[in-house]
$ cat final.txt   # compact mmCIF, C-alpha atoms
# COMPACT_ATOMS: atom_id res chain seq x y z
CA MET A 1077 -86.43 128.50 152.28
CA ASP A 1078 -89.00 126.48 154.20
CA ILE A 1079 -90.00 124.13 151.39
CA GLU A 1080 -93.13 122.74 153.07
CA ASN A 1081 -94.52 126.20 153.81
CA THR A 1082 -93.70 127.54 150.39
CA TRP A 1083 -95.40 124.56 148.77
CA GLN A 1084 -98.54 125.06 150.84
CA GLN A 1085 -98.66 128.75 149.97
CA ALA A 1086 -98.00 128.23 146.26
CA GLY A 1087 -100.74 129.14 143.79
CA GLU A 1088 -104.17 127.58 144.14
CA SER A 1089 -105.40 127.83 140.57
CA ASP A 1090 -105.22 129.85 137.37
CA ASP A 1091 -107.69 131.43 134.96
CA MET A 1092 -107.63 128.49 132.56
CA LEU A 1093 -108.55 125.94 135.21
CA ASN A 1094 -111.12 128.24 136.79
CA LYS A 1095 -112.88 128.73 133.46
CA MET A 1096 -112.94 124.99 132.80
CA LEU A 1097 -114.44 124.34 136.21
CA GLN A 1098 -117.17 126.91 135.53
CA GLN A 1099 -118.14 125.38 132.19
CA THR A 1100 -118.75 121.92 133.68
CA ASP A 1101 -119.39 120.26 130.32
CA PHE A 1102 -116.84 117.57 131.15
CA PRO A 1103 -118.62 114.71 129.34
CA ASN A 1104 -118.14 116.58 126.04
CA ILE A 1105 -114.37 116.80 126.41
CA GLN A 1106 -112.54 114.80 123.77
CA SER A 1107 -110.19 112.40 125.55
CA GLN A 1108 -106.59 112.24 124.36
CA LEU A 1109 -105.60 109.11 126.23
CA PRO A 1110 -103.47 106.82 124.04
CA LEU A 1111 -105.57 103.75 124.84
CA LYS A 1112 -108.60 105.52 123.45
CA ARG A 1113 -106.69 105.94 120.19
CA LEU A 1114 -105.64 102.30 120.37
CA LYS A 1115 -109.26 101.22 120.71
CA LYS A 1116 -110.19 103.37 117.73
CA ASN A 1117 -107.39 101.70 115.75
CA LEU A 1118 -108.66 98.28 116.78
CA LEU A 1119 -112.14 99.11 115.51
CA THR A 1120 -110.68 100.48 112.26
CA GLY A 1121 -108.68 97.25 111.93
CA ILE A 1122 -111.83 95.15 112.35
CA PHE A 1123 -113.62 97.27 109.77
CA TRP A 1124 -110.86 96.80 107.17
CA ALA A 1125 -110.51 93.08 107.93
CA LEU A 1126 -114.25 92.74 107.35
CA LEU A 1127 -114.09 94.60 104.04
CA ILE A 1128 -111.12 92.52 102.88
CA THR A 1129 -112.90 89.32 103.91
CA LEU A 1130 -115.94 90.35 101.87
CA PHE A 1131 -113.61 91.04 98.95
CA TYR A 1132 -112.08 87.55 99.32
CA ILE A 1133 -115.56 86.02 99.38
CA ALA A 1134 -116.40 87.86 96.16
CA LEU A 1135 -113.12 86.69 94.59
CA PHE A 1136 -113.96 83.15 95.61
CA PHE A 1137 -117.00 83.19 93.32
CA PHE A 1138 -115.35 85.08 90.46
CA ILE A 1139 -112.13 83.09 90.13
CA PRO A 1140 -112.65 79.44 89.19
CA LEU A 1141 -109.20 78.20 90.27
CA TRP A 1142 -109.11 75.67 93.08
CA GLN A 1143 -105.61 76.73 94.11
CA VAL A 1144 -106.85 80.29 94.62
CA HIS A 1145 -109.92 78.94 96.43
CA VAL A 1146 -107.67 77.13 98.91
CA ALA A 1147 -105.64 80.31 99.50
CA LEU A 1148 -108.82 82.34 99.90
CA VAL A 1149 -110.36 79.91 102.39
CA VAL A 1150 -107.16 80.06 104.46
CA MET A 1151 -107.14 83.86 104.27
CA ILE A 1152 -110.82 84.18 105.14
CA SER A 1153 -110.46 81.83 108.13
CA PHE A 1154 -107.39 83.66 109.31
CA ASN A 1155 -109.07 87.04 108.90
CA LEU A 1156 -111.98 85.81 111.01
CA LEU A 1157 -109.60 84.64 113.74
CA ILE A 1158 -107.80 87.98 113.71
CA MET A 1159 -111.11 89.83 113.89
CA ILE A 1160 -112.14 87.75 116.92
CA ASP A 1161 -108.77 88.38 118.62
CA THR A 1162 -108.98 92.10 117.83
CA TRP A 1163 -112.50 92.28 119.20
CA LYS A 1164 -111.41 90.52 122.42
CA LEU A 1165 -108.54 93.01 122.84
CA TYR A 1166 -110.96 95.86 122.14
CA LYS A 1167 -113.34 94.62 124.82
CA THR A 1168 -110.64 94.03 127.44
CA THR A 1169 -108.78 97.32 126.92
CA GLN A 1170 -109.89 99.84 129.52
CA GLU A 1171 -109.26 103.20 127.92
CA ASN A 1172 -110.02 105.33 130.96
CA ILE A 1173 -107.82 105.89 133.96
CA ALA A 1174 -108.27 103.23 136.64
CA VAL A 1175 -108.12 105.20 139.85
CA ASN A 1176 -107.57 102.08 141.94
CA ASN A 1177 -104.44 101.24 139.98
CA SER A 1178 -101.10 102.46 141.20
CA LEU A 1179 -99.17 104.60 138.76
CA LYS A 1180 -96.95 101.65 137.89
CA GLN A 1181 -99.96 99.42 137.16
CA GLU A 1182 -101.49 102.13 135.01
CA LEU A 1183 -98.28 102.54 133.01
CA GLN A 1184 -98.04 98.76 132.63
CA LYS A 1185 -101.66 98.60 131.46
CA ASN A 1186 -100.94 101.13 128.73
CA TYR A 1187 -97.70 99.46 127.71
CA ASP A 1188 -99.27 95.99 127.56
CA GLY A 1189 -102.22 97.22 125.52
CA PHE A 1190 -99.95 98.45 122.75
CA GLN A 1191 -97.69 95.41 122.92
CA LYS A 1192 -100.66 93.05 122.59
CA TRP A 1193 -101.85 95.04 119.61
CA TRP A 1194 -98.44 94.82 117.96
CA LYS A 1195 -98.28 91.06 118.58
CA LEU A 1196 -101.68 90.74 116.95
CA GLN A 1197 -100.42 92.67 113.93
CA GLN A 1198 -97.36 90.44 113.71
CA LYS A 1199 -99.50 87.31 113.94
CA ALA A 1200 -101.70 88.62 111.17
CA GLY A 1201 -98.70 89.52 109.06
CA LEU A 1202 -97.14 86.09 109.41
CA PHE A 1203 -100.02 84.53 107.47
CA VAL A 1204 -101.39 87.38 105.44
CA TYR A 1205 -98.19 88.57 103.73
CA PRO A 1206 -97.03 85.24 102.20
CA ILE A 1207 -100.50 84.01 101.29
CA ALA A 1208 -101.57 87.36 99.85
CA ALA A 1209 -98.32 87.58 97.87
CA THR A 1210 -98.71 84.03 96.52
CA GLY A 1211 -102.38 84.53 95.70
CA GLY A 1212 -101.64 87.82 93.94
CA PHE A 1213 -98.75 86.28 92.04
CA ILE A 1214 -100.85 83.35 90.79
CA ILE A 1215 -103.85 85.49 89.85
CA GLY A 1216 -101.64 88.04 88.07
CA GLY A 1217 -99.62 85.33 86.32
CA VAL A 1218 -102.61 83.32 85.15
CA GLU A 1219 -104.50 86.39 83.94
CA GLY A 1220 -101.43 87.85 82.25
CA SER A 1221 -100.23 84.70 80.53
CA GLY A 1222 -103.65 83.27 79.71
CA LYS A 1223 -102.43 79.85 80.89
CA THR A 1224 -103.89 77.51 83.49
CA VAL A 1225 -102.41 77.59 86.99
CA GLU A 1226 -100.70 74.25 86.43
CA ALA A 1227 -99.19 75.38 83.13
CA PHE A 1228 -98.14 78.73 84.61
CA LEU A 1229 -96.45 77.16 87.62
CA TYR A 1230 -94.99 74.28 85.58
CA ASN A 1231 -92.27 76.63 84.41
CA PRO A 1232 -89.52 76.40 87.07
CA LYS A 1233 -88.66 80.05 86.44
CA MET A 1234 -92.04 81.08 87.79
CA LEU A 1235 -91.49 79.14 90.99
CA ILE A 1236 -88.11 80.82 91.42
CA ILE A 1237 -89.69 84.24 90.78
CA LEU A 1238 -92.45 83.39 93.28
CA ALA A 1239 -89.86 82.38 95.89
CA ILE A 1240 -87.87 85.58 95.31
CA THR A 1241 -91.08 87.63 95.52
CA LEU A 1242 -91.90 86.02 98.86
CA VAL A 1243 -88.37 86.40 100.20
CA VAL A 1244 -88.42 90.11 99.35
CA LEU A 1245 -92.04 91.06 99.99
CA VAL A 1246 -92.64 89.31 103.32
CA PRO A 1247 -89.75 90.93 105.22
CA VAL A 1248 -90.38 94.29 103.51
CA SER A 1249 -94.04 94.18 104.58
CA HIS A 1250 -93.06 93.08 108.09
CA TYR A 1251 -90.47 95.82 108.54
CA THR A 1252 -92.70 98.46 107.00
CA ALA A 1253 -95.43 97.56 109.49
CA LYS A 1254 -92.88 97.64 112.30
CA TRP A 1255 -91.57 101.01 111.15
CA MET A 1256 -95.10 102.43 111.00
CA PHE A 1257 -95.89 101.11 114.48
CA ASN A 1258 -92.69 102.61 115.87
CA TYR A 1259 -93.31 105.87 114.06
CA ALA A 1260 -96.77 106.16 115.58
CA TYR A 1261 -96.15 104.79 119.09
CA GLY A 1262 -92.42 104.15 119.50
CA LYS A 1263 -91.62 107.32 121.44
CA HIS A 1264 -94.62 106.92 123.69
CA LEU A 1265 -93.82 103.28 124.45
CA LYS A 1266 -90.19 104.13 125.12
CA LYS A 1267 -91.29 106.81 127.54
CA LEU A 1268 -93.67 104.42 129.30
CA LYS A 1269 -90.87 101.85 129.54
CA ASN A 1270 -88.46 104.43 130.96
CA LEU A 1271 -91.01 105.51 133.55
CA MET A 1272 -91.67 101.90 134.55
CA ASP A 1273 -87.93 101.33 134.83
CA GLU A 1274 -87.67 104.40 137.05
CA LEU A 1275 -90.29 102.83 139.29
CA ASN A 1276 -88.43 99.52 139.55
CA MET B 1369 -122.87 111.59 145.62
CA SER B 1370 -124.47 114.16 143.35
CA GLU B 1371 -122.98 116.09 140.47
CA GLN B 1372 -123.21 119.18 142.63
CA ALA B 1373 -121.18 117.53 145.37
CA PHE B 1374 -118.60 116.42 142.82
CA LEU B 1375 -118.21 119.92 141.40
CA SER B 1376 -118.03 121.44 144.81
CA GLN B 1377 -115.29 119.01 145.92
CA LEU B 1378 -113.42 119.49 142.67
CA LYS B 1379 -113.40 123.25 143.10
CA GLU B 1380 -112.34 122.90 146.70
CA HIS B 1381 -109.36 120.73 145.71
CA GLN B 1382 -108.46 122.34 142.41
CA ASN B 1383 -105.07 123.31 143.83
CA ILE B 1384 -104.05 119.63 143.49
CA ILE B 1385 -104.76 119.70 139.76
CA TYR B 1386 -103.11 123.08 139.41
CA LYS B 1387 -99.94 122.16 141.27
CA LEU B 1388 -99.42 118.80 139.60
CA VAL B 1389 -100.07 120.07 136.11
CA HIS B 1390 -97.63 122.92 136.70
CA LEU B 1391 -94.95 120.48 137.72
CA TYR B 1392 -95.16 118.68 134.38
CA ALA B 1393 -96.55 121.00 131.68
CA ASN B 1394 -94.11 122.65 129.32
CA SER B 1395 -96.54 124.91 127.54
CA GLU B 1396 -100.00 126.43 127.70
CA GLU B 1397 -101.14 123.72 125.31
CA ASP B 1398 -99.90 120.97 127.65
CA LYS B 1399 -101.67 122.63 130.55
CA LYS B 1400 -104.95 122.88 128.66
CA ASP B 1401 -104.74 119.25 127.50
CA TRP B 1402 -103.97 117.95 130.97
CA TYR B 1403 -106.58 120.08 132.72
CA GLN B 1404 -109.22 118.84 130.31
CA GLU B 1405 -108.18 115.22 130.51
CA ILE B 1406 -107.99 115.26 134.31
CA LEU B 1407 -111.46 116.82 134.57
CA LEU B 1408 -112.84 114.26 132.13
CA GLN B 1409 -111.22 111.32 133.91
CA ALA B 1410 -112.36 112.61 137.31
CA TRP B 1411 -115.87 112.95 135.93
CA LYS B 1412 -115.85 109.42 134.52
CA SER B 1413 -114.32 107.85 137.63
CA TYR B 1414 -116.44 109.69 140.14
CA PRO B 1415 -119.44 107.31 140.09
CA ALA B 1416 -117.12 104.59 141.46
CA PHE B 1417 -115.85 106.87 144.25
CA ARG B 1418 -117.28 105.49 147.48
CA GLY B 1419 -115.64 107.90 149.85
CA GLU B 1420 -113.41 105.23 151.38
CA ALA B 1421 -110.44 107.46 150.71
CA LYS B 1422 -110.36 111.23 151.03
CA PHE B 1423 -111.47 113.09 147.91
CA SER B 1424 -108.06 114.79 147.77
CA THR B 1425 -106.29 111.40 147.76
CA TRP B 1426 -108.61 110.12 145.06
CA LEU B 1427 -108.06 113.25 142.95
CA TYR B 1428 -104.30 112.94 143.38
CA ARG B 1429 -104.47 109.46 141.85
CA VAL B 1430 -106.59 110.69 138.96
CA CYS B 1431 -104.11 113.50 138.29
CA LEU B 1432 -100.94 111.40 138.48
CA ASN B 1433 -102.30 108.49 136.45
CA THR B 1434 -103.58 110.88 133.79
CA ILE B 1435 -100.47 113.05 133.57
CA PHE B 1436 -98.14 110.07 133.28
CA THR B 1437 -100.28 108.20 130.80
CA ILE B 1438 -101.13 110.84 128.24
CA GLN B 1439 -98.84 111.01 125.26
CA LYS B 1440 -96.69 114.10 125.40
CA LYS B 1441 -93.35 115.23 124.21
CA THR B 1442 -90.50 115.07 126.70
CA ASN B 1443 -91.51 116.77 129.92
CA ARG B 1444 -88.28 117.43 131.62
CA ILE B 1445 -87.03 120.98 131.59
CA GLU B 1446 -83.32 121.41 131.97
CA TYR B 1447 -82.24 123.77 134.67
CA THR B 1448 -80.55 126.05 132.13
CA ASP B 1449 -83.58 126.16 129.86
CA THR B 1450 -85.05 129.33 131.32
CA THR B 1451 -86.87 130.43 128.17
CA ARG B 1452 -89.17 127.41 128.16
CA TYR B 1453 -89.65 127.78 131.87
CA GLU B 1454 -90.61 131.45 131.54
CA GLN B 1455 -93.08 130.56 128.79
CA ALA B 1456 -94.69 127.84 130.84
CA TYR B 1457 -94.96 130.09 133.87
CA ALA B 1458 -95.92 133.33 132.22
CA THR B 1459 -99.20 133.32 134.10
CA HIS B 1460 -97.97 131.81 137.32
CA PRO B 1461 -99.63 133.79 140.09
CA GLY B 1462 -97.43 132.49 142.87
CA ASN B 1463 -94.85 134.43 144.79
CA ASP B 1464 -91.11 134.44 144.09
CA GLU B 1465 -90.39 131.72 146.61
CA ALA B 1466 -93.04 129.48 145.09
CA GLU B 1467 -91.66 130.08 141.62
CA ARG B 1468 -88.18 129.16 142.79
CA LEU B 1469 -89.52 125.99 144.34
CA TYR B 1470 -91.48 125.01 141.23
CA LYS B 1471 -88.47 125.71 139.08
CA ALA B 1472 -86.29 123.51 141.25
CA ILE B 1473 -88.79 120.63 141.44
CA ARG B 1474 -89.23 120.66 137.67
CA THR B 1475 -85.58 119.80 137.23
CA LEU B 1476 -86.12 116.48 139.02
CA SER B 1477 -87.05 113.31 137.16
CA GLU B 1478 -90.77 112.80 136.52
CA THR B 1479 -91.18 110.16 139.20
CA GLU B 1480 -89.17 112.17 141.73
CA ARG B 1481 -91.48 115.12 141.07
CA ALA B 1482 -94.43 112.92 141.97
CA VAL B 1483 -92.70 111.66 145.13
CA ILE B 1484 -91.73 115.12 146.35
CA SER B 1485 -95.15 116.66 145.65
CA LEU B 1486 -96.90 113.83 147.51
CA HIS B 1487 -94.45 114.23 150.38
CA LEU B 1488 -94.95 118.00 150.54
CA ASP B 1489 -98.71 117.46 150.60
CA GLY B 1490 -98.32 115.37 153.72
CA TYR B 1491 -98.43 111.78 152.50
CA ASP B 1492 -96.08 109.37 154.26
CA ASN B 1493 -93.78 106.91 152.49
CA LYS B 1494 -96.25 104.05 152.77
CA GLU B 1495 -99.02 106.09 151.19
CA ILE B 1496 -96.70 107.32 148.45
CA SER B 1497 -95.65 103.74 147.75
CA SER B 1498 -99.32 102.83 147.27
CA PHE B 1499 -99.82 105.76 144.86
CA LEU B 1500 -96.84 104.82 142.74
CA GLY B 1501 -96.74 101.02 143.12
CA ILE B 1502 -93.23 100.89 144.51
CA THR B 1503 -91.83 99.82 147.86
CA PRO B 1504 -91.70 102.28 150.77
CA ASN B 1505 -87.92 101.77 150.81
CA LEU B 1506 -87.62 102.95 147.23
CA VAL B 1507 -89.82 105.92 148.08
CA GLY B 1508 -87.39 106.73 150.88
CA VAL B 1509 -84.43 106.53 148.54
CA LYS B 1510 -86.09 108.70 145.89
CA LEU B 1511 -87.25 111.20 148.47
CA HIS B 1512 -83.81 111.49 150.02
CA ARG B 1513 -82.20 112.04 146.61
CA ALA B 1514 -84.86 114.54 145.57
CA LYS B 1515 -84.48 116.53 148.78
CA GLN B 1516 -80.71 116.67 148.36
CA GLN B 1517 -81.06 117.86 144.79
CA LEU B 1518 -83.65 120.44 145.80
CA ALA B 1519 -81.47 121.79 148.58
CA THR B 1520 -78.56 122.25 146.18
CA LEU B 1521 -80.73 123.78 143.47
CA LEU B 1522 -82.50 126.20 145.77
CA LYS B 1523 -79.16 127.60 146.86
CA ASN B 1524 -78.36 128.41 143.25
CA ILE B 1525 -81.68 129.64 141.86

$ encode --input "final.txt" --output "structure tokens"
Amino acid sequence: MDIENTWQQAGESDDMLNKMLQQTDFPNIQSQLPLKRLKKNLLTGIFWALLITLFYIALFFFIPLWQVHVALVVMISFNLLIMIDTWKLYKTTQENIAVNNSLKQELQKNYDGFQKWWKLQQKAGLFVYPIAATGGFIIGGVEGSGKTVEAFLYNPKMLIILAITLVVLVPVSHYTAKWMFNYAYGKHLKKLKNLMDELN
Amino acid sequence: MSEQAFLSQLKEHQNIIYKLVHLYANSEEDKKDWYQEILLQAWKSYPAFRGEAKFSTWLYRVCLNTIFTIQKKTNRIEYTDTTRYEQAYATHPGNDEAERLYKAIRTLSETERAVISLHLDGYDNKEISSFLGITPNLVGVKLHRAKQQLATLLKNI
């Protein structure tokens, strides 16, 4: 077989493509590019971080415990930083295909976008999980026991329970988040990595 | 350039979209998704097209970057997996020789498929290296391996 000739004489189009070219309503096509989904996730993340921050602000005025206030101020500041970082990533992520990029650059761009997002999630988790767990523990304990924070935490048992809660909850939250990330994007990232490796 | 010019060029070079999508799609659904995404990405990128490169070269880049980036299940069809191949090519209008060639190329790795299609469409190693972002030497190695595999496969298909 003359491969070059056969390739040149191979089919030119099919009905599906022909119909699409006739319709010409390209701007209305819903893109399925992964980075578009990533950007949507980033916006959703900002929305939830904003809601949670508003909730923390409300808690700040409803709970008259200075220890909880300190935790809330840390959480609110951290949430704001995460929102700024997320917004920056949102703005710098180019969801559409960059025609001037080589295939390898385009694959790298996609891979990096998701990795940056995951790092952002990890950074958020590092602060949010322990502080949220401690804050929840103190609020629950004080409300449940009817004691002051000092009196509640004066009992060494409570400090041990708090430590155990943190030791269990923080890694569980971290690995759950990691599992969810891998479940959603793991296969795609692995494929991108394999393709980049093939091009090395 | 106007929308009319864009559509006219796209129609003129639709064989590029058709051929590349058929080298990677495993189902009618894949084909539809890729056709749509390629048309959308071409549409969005076109305003930045200054005509420095040929339209066909530009469209090739749009197609390859889109096909490789979009999230899909595994694309590779094993040589023995004729059922999936038949399904994917149920509407293939090409001749027997073309079908044999497509079938053989689809057994190559995804990057080798890109290299061989670019080569068969007349791009030299340097141009292919610019498309893919690899060295011309590596293009040469991949091309040599792909040609050897194709020669063996075409004897058996």

$ closest_atom_pairs --input "final.txt" --of "chain B" --to "chain A" --cutoff "7 Å" --atoms "all atoms listed in the file" --output "JSON lines"
{"residue": "B:Gln1382", "atom": "CA", "partner": "A:Ser1089", "partner_atom": "CA", "distance": 6.5}
{"residue": "B:Asn1383", "atom": "CA", "partner": "A:Glu1088", "partner_atom": "CA", "distance": 4.4}
{"residue": "B:Tyr1386", "atom": "CA", "partner": "A:Ser1089", "partner_atom": "CA", "distance": 5.4}
{"residue": "B:Tyr1403", "atom": "CA", "partner": "A:Leu1093", "partner_atom": "CA", "distance": 6.7}
{"residue": "B:Gln1404", "atom": "CA", "partner": "A:Ile1105", "partner_atom": "CA", "distance": 6.8}
{"residue": "B:Glu1405", "atom": "CA", "partner": "A:Ser1107", "partner_atom": "CA", "distance": 6.0}
{"residue": "B:Leu1407", "atom": "CA", "partner": "A:Phe1102", "partner_atom": "CA", "distance": 6.4}
{"residue": "B:Leu1408", "atom": "CA", "partner": "A:Phe1102", "partner_atom": "CA", "distance": 5.3}
{"residue": "B:Gln1409", "atom": "CA", "partner": "A:Ile1173", "partner_atom": "CA", "distance": 6.4}
{"residue": "B:Trp1411", "atom": "CA", "partner": "A:Phe1102", "partner_atom": "CA", "distance": 6.7}
{"residue": "B:Arg1429", "atom": "CA", "partner": "A:Val1175", "partner_atom": "CA", "distance": 6.0}
{"residue": "B:Val1430", "atom": "CA", "partner": "A:Val1175", "partner_atom": "CA", "distance": 5.8}
{"residue": "B:Asn1433", "atom": "CA", "partner": "A:Leu1179", "partner_atom": "CA", "distance": 5.5}
{"residue": "B:Thr1434", "atom": "CA", "partner": "A:Ile1173", "partner_atom": "CA", "distance": 6.6}
{"residue": "B:Thr1437", "atom": "CA", "partner": "A:Leu1183", "partner_atom": "CA", "distance": 6.4}
{"residue": "B:Ile1438", "atom": "CA", "partner": "A:Leu1109", "partner_atom": "CA", "distance": 5.2}
{"residue": "B:Gln1439", "atom": "CA", "partner": "A:His1264", "partner_atom": "CA", "distance": 6.1}
{"residue": "B:Pro1461", "atom": "CA", "partner": "A:Gly1087", "partner_atom": "CA", "distance": 6.0}
{"residue": "B:Gly1462", "atom": "CA", "partner": "A:Gly1087", "partner_atom": "CA", "distance": 4.8}
{"residue": "B:Glu1465", "atom": "CA", "partner": "A:Thr1082", "partner_atom": "CA", "distance": 6.5}
{"residue": "B:Ala1466", "atom": "CA", "partner": "A:Ala1086", "partner_atom": "CA", "distance": 5.2}
{"residue": "B:Leu1488", "atom": "CA", "partner": "A:Glu1080", "partner_atom": "CA", "distance": 5.7}
{"residue": "B:Ser1498", "atom": "CA", "partner": "A:Ser1178", "partner_atom": "CA", "distance": 6.3}
{"residue": "B:Phe1499", "atom": "CA", "partner": "A:Ser1178", "partner_atom": "CA", "distance": 5.1}
{"residue": "B:Leu1500", "atom": "CA", "partner": "A:Leu1179", "partner_atom": "CA", "distance": 4.6}
{"residue": "B:Gly1501", "atom": "CA", "partner": "A:Ser1178", "partner_atom": "CA", "distance": 5.0}
{"residue": "B:Ile1502", "atom": "CA", "partner": "A:Leu1275", "partner_atom": "CA", "distance": 6.3}

$ axis_aligned_box --input "final.txt" --around "stretch 1391-1410 of chain B" --padding-each-side "3 Å" --output "lines of an AutoDock Vina configuration file"
center_x = -103.5
center_y = 118.9
center_z = 131.5
size_x = 24.7
size_y = 21.1
size_z = 18.4

$ residues_around --input "final.txt" --residues "A:Leu1242" --least-positions-apart "5" --cutoff "12 Å" --atoms "only C-alpha atoms" --output "number ranges by chain"
A: 1202-1213, 1235-1237, 1247-1250

$ atom_distance --input "final.txt" --atom1 "atom CA of B:Tyr1392" --atom2 "atom CA of B:Ala1373"
28.3 Å

$ closest_residue --input "final.txt" --among "B:Phe1436, B:Val1509, B:Thr1503, B:Ala1519" --to "A:Asn1270" --atoms "only C-alpha atoms"
B:Phe1436

$ atom_distance --input "final.txt" --atom1 "atom CA of A:Thr1224" --atom2 "atom CA of A:Phe1137"
17.3 Å

$ atom_distance --input "final.txt" --atom1 "atom CA of B:Leu1521" --atom2 "atom CA of B:Leu1476"
10.1 Å

$ closest_residue --input "final.txt" --among "A:Val1144, A:Leu1118, A:Phe1123, A:Gln1099" --to "A:Thr1168" --atoms "all atoms listed in the file"
A:Leu1118

$ residues_near_point --input "final.txt" --point "(-108.2, 110.7, 147.0)" --cutoff "12 Å" --atoms "all atoms listed in the file" --output "PyMOL selection string"
(chain A and resi 1175-1176) or (chain B and resi 1377-1378+1381+1384+1410+1413-1414+1417-1432+1486+1491+1495+1498-1499)

$ write_last_selection --input "final.txt" --atoms "C-alpha atoms" --output "CSV table (one decimal), in the frame of the given file"
chain,number,residue,atom,x,y,z
A,1175,VAL,CA,-108.1,105.2,139.8
A,1176,ASN,CA,-107.6,102.1,141.9
B,1377,GLN,CA,-115.3,119.0,145.9
B,1378,LEU,CA,-113.4,119.5,142.7
B,1381,HIS,CA,-109.4,120.7,145.7
B,1384,ILE,CA,-104.0,119.6,143.5
B,1410,ALA,CA,-112.4,112.6,137.3
B,1413,SER,CA,-114.3,107.8,137.6
B,1414,TYR,CA,-116.4,109.7,140.1
B,1417,PHE,CA,-115.8,106.9,144.2
B,1418,ARG,CA,-117.3,105.5,147.5
B,1419,GLY,CA,-115.6,107.9,149.8
B,1420,GLU,CA,-113.4,105.2,151.4
B,1421,ALA,CA,-110.4,107.5,150.7
B,1422,LYS,CA,-110.4,111.2,151.0
B,1423,PHE,CA,-111.5,113.1,147.9
B,1424,SER,CA,-108.1,114.8,147.8
B,1425,THR,CA,-106.3,111.4,147.8
B,1426,TRP,CA,-108.6,110.1,145.1
B,1427,LEU,CA,-108.1,113.2,143.0
B,1428,TYR,CA,-104.3,112.9,143.4
B,1429,ARG,CA,-104.5,109.5,141.8
B,1430,VAL,CA,-106.6,110.7,139.0
B,1431,CYS,CA,-104.1,113.5,138.3
B,1432,LEU,CA,-100.9,111.4,138.5
B,1486,LEU,CA,-96.9,113.8,147.5
B,1491,TYR,CA,-98.4,111.8,152.5
B,1495,GLU,CA,-99.0,106.1,151.2
B,1498,SER,CA,-99.3,102.8,147.3
B,1499,PHE,CA,-99.8,105.8,144.9

$ residues_around --input "final.txt" --residues "A:Leu1196" --least-positions-apart "2" --cutoff "10 Å" --atoms "only C-alpha atoms" --output "number ranges by chain"
A: 1158-1159, 1161-1162, 1165, 1190-1194, 1198-1202

$ decode --input "final.txt" --residues "stretch 1224-1250 of chain A" --atoms "C-alpha atoms" --output "JSON list (two decimals), in the first residue's frame"
[["chain", "number", "residue", "atom", "x", "y", "z"],
["A", 1224, "THR", "CA", -17.30, 28.90, 80.63],
["A", 1225, "VAL", "CA", -14.54, 28.17, 78.13],
["A", 1226, "GLU", "CA", -11.92, 28.27, 80.88],
["A", 1227, "ALA", "CA", -13.90, 25.89, 83.08],
["A", 1228, "PHE", "CA", -14.63, 23.57, 80.14],
["A", 1229, "LEU", "CA", -11.01, 23.39, 79.05],
["A", 1230, "TYR", "CA", -9.69, 23.24, 82.63],
["A", 1231, "ASN", "CA", -10.58, 19.56, 82.68],
["A", 1232, "PRO", "CA", -7.51, 17.76, 81.26],
["A", 1233, "LYS", "CA", -9.80, 15.12, 79.77],
["A", 1234, "MET", "CA", -11.27, 17.72, 77.44],
["A", 1235, "LEU", "CA", -7.85, 18.73, 76.20],
["A", 1236, "ILE", "CA", -7.03, 15.09, 75.52],
["A", 1237, "ILE", "CA", -10.35, 14.64, 73.69],
["A", 1238, "LEU", "CA", -9.64, 17.82, 71.70],
["A", 1239, "ALA", "CA", -6.18, 16.54, 70.76],
["A", 1240, "ILE", "CA", -7.61, 13.16, 69.70],
["A", 1241, "THR", "CA", -10.33, 14.92, 67.70],
["A", 1242, "LEU", "CA", -7.69, 16.96, 65.89],
["A", 1243, "VAL", "CA", -5.43, 13.97, 65.29],
["A", 1244, "VAL", "CA", -8.33, 12.05, 63.76],
["A", 1245, "LEU", "CA", -10.29, 14.78, 61.99],
["A", 1246, "VAL", "CA", -7.47, 16.70, 60.30],
["A", 1247, "PRO", "CA", -5.96, 13.73, 58.42],
["A", 1248, "VAL", "CA", -9.44, 12.34, 57.65],
["A", 1249, "SER", "CA", -10.48, 15.69, 56.17],
["A", 1250, "HIS", "CA", -7.20, 15.96, 54.26]]
